[in-house]
Amino acid sequence: MGLAKSYAALLESGKVKPDAAQLHVLAKLVTLSDQLNQIPKPNNFINRLFKSPLKPTLRGLYIHGDVGRGKTFLMDLFFASITSLPKQRIHFHAFMQDIHAKRATLKSDDVIADIADDLASRTKLLCLDEMQISDIADAMIIGRLFEALDARGVCIVTTSNLPPDGLYKEGLNRQLFIPFIAWMNEHLEVIHMGDGVDYRLGRMSSRQTYLVGNNISEMNAIWDELTDHSAGESKAIEVLGRTLVVPKSARGCARFTFAELCEHPLGAPDYLALARNFRTIFIDDIPIIKASNRNEAKRFILMIDTFYDSKTKLVISAAAPPEKLYPAGQHAKEFGRTVSRLKEMQSASWWKAT
C-alpha cells in the first residue's frame, strides 16, 4: 500500500485525526516516496559499472516542529512505503554512536569519506529521527558526513524539534557549525510541522500522573504511551560548561529518580536546561523528605518552581501525596507552594496546555 493510501486508511479508521500541518508534510513525503520508488534497484548491470551508487537527483527533507506533532509517525509511514531501494531508519543519537565507534576502528587519511562510502554501498535512503546536536564532536563530524553522503547519492530525511538554525544554538565554537546549517537550508527541503495538538499528550486524559506507592508498572506504561514504546537512551546536556547526564530520554521525555535530581548538587540552571530540552519529565521514587534533608527539600522546591514556570509536564511516583511529602522542616512553609503546584500540574487543563 502506498504512503497516501496508508495515511487515508488510518484517517478512515479513526486512529489518526485530520491535521492540516500533517497533510502538508505528507504531501512532500508522498512526492519523495514516488521519486525514490522509481529509481532502478541497485546491483543491476549499470550500477555495477560504477564503484559508488548512482546519485539520484533528489532533495532530502528536514522536518521540524514541536514534540508530539507526528513527525516520527509520518517518517515511519514514509519509510515503510519505500519498497525498491535499500534503506536505513535509525534514531540520530544511535546513529552518531555508530559513527563514533567506526571512527575509533578505521585507520585512513579520510575516515569520514570511508564511512560515507560504506553507508552509501548499503543504503540509498537514510532516515534519522530526532536530530539534535549537543556535542562538539558531533557538530564537527555531521556536516562533513551529510555532504559526503549526499555526494554519494544517499537521500537523507530527518526529523527534529528544532529548525536548522536552532541546532547547537549555544554550543562551543558554534561558528564552525554555521556552514553546515547553510548547507542544510540549501540542500534539504526544510519543512515546519506547524504548531498544534501534541497527540501523545491527549492520551493522558484518563491517566493519573501523580502515583502514590510502588507504581513502576504504571510509570512504565505511561512512558510507553508518551514515547511510542521507546526504550530510551542516555543523553548529555551542556549547562554552563558542565555536562548534565540524562539517564533516559526519548520523544521529548526524560526520566530520573528523585535521588538523581535532588540528592546531587543541581541548581536552577540545570532544572531550566531540562525544561528547555524536554516537554515531559518522569520522576521515580520520591520519598517522604525528612526534616534533616533540608538541601534535598530546597532543591525539590526549586525544581518544581522551575518546571511550573516552564509549563513542563510531570509524571511522578512518590511515597505519599504532595501534602505529606515534607511534613516538617526548615522549608515547610515554602513547601506549601510546591504542594499547590504539584496538584495543579496533575490537572487535565495543565496537560492540555501547550
# chains A, B, ... in the order shown; residues from 1 in each chain; ligands from 1
>>> residues_around(residues="Asp150 in chain A", least_positions_apart="3", cutoff="10 Å", atoms="only C-alpha atoms", output="list in words")
Lys55, Pro56, Thr57, Leu58, Arg59, Gly60, Ala116, Ala120, Lys124, Leu145, Phe146, Glu147, Gly153, Val154, Cys155, Ile156, His187 and Leu188 of chain A
>>> select_by_dssp(residues="range 111-284 of chain A", states="helix (DSSP H, G or I)", output="PyMOL selection string")
chain A and resi 111-122+136-151+164-166+174-176+178-187+199-206+216-227+258-262+268-277
>>> select_by_dssp(residues="range 195-337 of chain A", states="strand (DSSP E or B)", output="number ranges by chain")
A: 210-212, 233-239, 242-250, 253-257, 280-286, 313-318
>>> write_last_selection(atoms="C-alpha atoms", output="PDB file, in the first residue's frame")
ATOM      1  CA  TYR A 210       0.988  11.519  40.257  1.00  0.00           C
ATOM      2  CA  LEU A 211       1.196   7.949  41.511  1.00  0.00           C
ATOM      3  CA  VAL A 212       1.421   7.063  45.189  1.00  0.00           C
ATOM      4  CA  GLU A 233      18.725   6.459  25.679  1.00  0.00           C
ATOM      5  CA  SER A 234      21.046   8.450  27.901  1.00  0.00           C
ATOM      6  CA  LYS A 235      21.869  11.964  26.797  1.00  0.00           C
ATOM      7  CA  ALA A 236      24.347  14.653  27.812  1.00  0.00           C
ATOM      8  CA  ILE A 237      23.337  18.331  28.063  1.00  0.00           C
ATOM      9  CA  GLU A 238      25.831  21.142  28.413  1.00  0.00           C
ATOM     10  CA  VAL A 239      24.980  23.508  31.292  1.00  0.00           C
ATOM     11  CA  ARG A 242      29.317  21.357  32.719  1.00  0.00           C
ATOM     12  CA  THR A 243      27.758  18.136  31.489  1.00  0.00           C
ATOM     13  CA  LEU A 244      24.362  17.142  32.870  1.00  0.00           C
ATOM     14  CA  VAL A 245      23.627  13.484  32.180  1.00  0.00           C
ATOM     15  CA  VAL A 246      20.042  12.474  31.448  1.00  0.00           C
ATOM     16  CA  PRO A 247      19.825   8.739  32.245  1.00  0.00           C
ATOM     17  CA  LYS A 248      16.900   8.036  29.928  1.00  0.00           C
ATOM     18  CA  SER A 249      15.315  10.139  27.219  1.00  0.00           C
ATOM     19  CA  ALA A 250      13.045   9.707  24.199  1.00  0.00           C
ATOM     20  CA  CYS A 253      10.581  12.892  27.595  1.00  0.00           C
ATOM     21  CA  ALA A 254      13.308  12.439  30.203  1.00  0.00           C
ATOM     22  CA  ARG A 255      13.310  10.087  33.190  1.00  0.00           C
ATOM     23  CA  PHE A 256      15.117  10.434  36.523  1.00  0.00           C
ATOM     24  CA  THR A 257      14.882   9.260  40.100  1.00  0.00           C
ATOM     25  CA  THR A 280       7.748  15.877  29.972  1.00  0.00           C
ATOM     26  CA  ILE A 281       9.852  14.833  32.984  1.00  0.00           C
ATOM     27  CA  PHE A 282       9.361  11.494  34.764  1.00  0.00           C
ATOM     28  CA  ILE A 283      10.475  11.370  38.413  1.00  0.00           C
ATOM     29  CA  ASP A 284      10.599   7.981  40.139  1.00  0.00           C
ATOM     30  CA  ASP A 285      10.900   7.149  43.832  1.00  0.00           C
ATOM     31  CA  ILE A 286      10.179  10.459  45.543  1.00  0.00           C
ATOM     32  CA  LYS A 313       4.591  18.143  32.262  1.00  0.00           C
ATOM     33  CA  LEU A 314       5.426  15.853  35.191  1.00  0.00           C
ATOM     34  CA  VAL A 315       4.824  12.153  35.739  1.00  0.00           C
ATOM     35  CA  ILE A 316       5.630  11.260  39.337  1.00  0.00           C
ATOM     36  CA  SER A 317       5.887   8.187  41.521  1.00  0.00           C
ATOM     37  CA  ALA A 318       6.012   9.160  45.206  1.00  0.00           C
TER      38      ALA A 318
END
>>> atom_distance(atom1="CA of Leu274 in chain A", atom2="CA of Ala328 in chain A")
28.5 Å
>>> residues_around(residues="range 11-27 of chain A", least_positions_apart="3", cutoff="10 Å", atoms="only C-alpha atoms", output="PyMOL selection string")
chain A and resi 3-8+30-33+61+63+65+69-71+73-75+77-78+191-197+199
>>> atom_distance(atom1="CA of Trp223 in chain A", atom2="CA of Lys311 in chain A")
18.7 Å
>>> atom_distance(atom1="CA of Ala297 in chain A", atom2="CA of Ser217 in chain A")
26.6 Å
>>> closest_residue(among="A:Ser108, A:Asn185, A:Ser134, A:Gln88", to="Ser121 in chain A", atoms="only C-alpha atoms")
A:Gln88
>>> residues_around(residues="Glu334 in chain A", least_positions_apart="4", cutoff="9 Å", atoms="only C-alpha atoms", output="compact mmCIF listing (two decimals) with N, CA and C atoms, in the first residue's frame")
# COMPACT_ATOMS: atom_id res chain seq x y z
N LYS A 298 15.04 21.75 49.60
CA LYS A 298 15.22 23.02 48.89
C LYS A 298 15.35 22.80 47.39
N ILE A 301 11.92 21.96 45.92
CA ILE A 301 11.09 23.16 45.78
C ILE A 301 11.52 23.96 44.56
N GLN A 330 12.74 22.91 57.85
CA GLN A 330 13.09 24.32 57.69
C GLN A 330 12.32 24.99 56.55
N THR A 338 4.78 24.44 46.79
CA THR A 338 5.11 23.26 46.00
C THR A 338 3.95 22.29 45.94
>>> closest_residue(among="A:Asn220, A:Asn293, A:Asn173, A:Ser230", to="His91 in chain A", atoms="only C-alpha atoms")
A:Ser230
>>> residues_around(residues="Asp118 in chain A", least_positions_apart="2", cutoff="12 Å", atoms="only C-alpha atoms", output="list in words")
Lys51, Ser52, Pro53, Ile99, Lys102, Leu106, Val111, Ile112, Ala113, Asp114, Ile115, Ala116, Ala120, Ser121, Arg122, Thr123, Lys124, Leu145, Ala148, Leu149, Arg152 and Val154 of chain A
>>> closest_residue(among="A:Met140, A:Met184, A:Ile133, A:Ala9", to="Asn161 in chain A", atoms="only C-alpha atoms")
A:Ile133
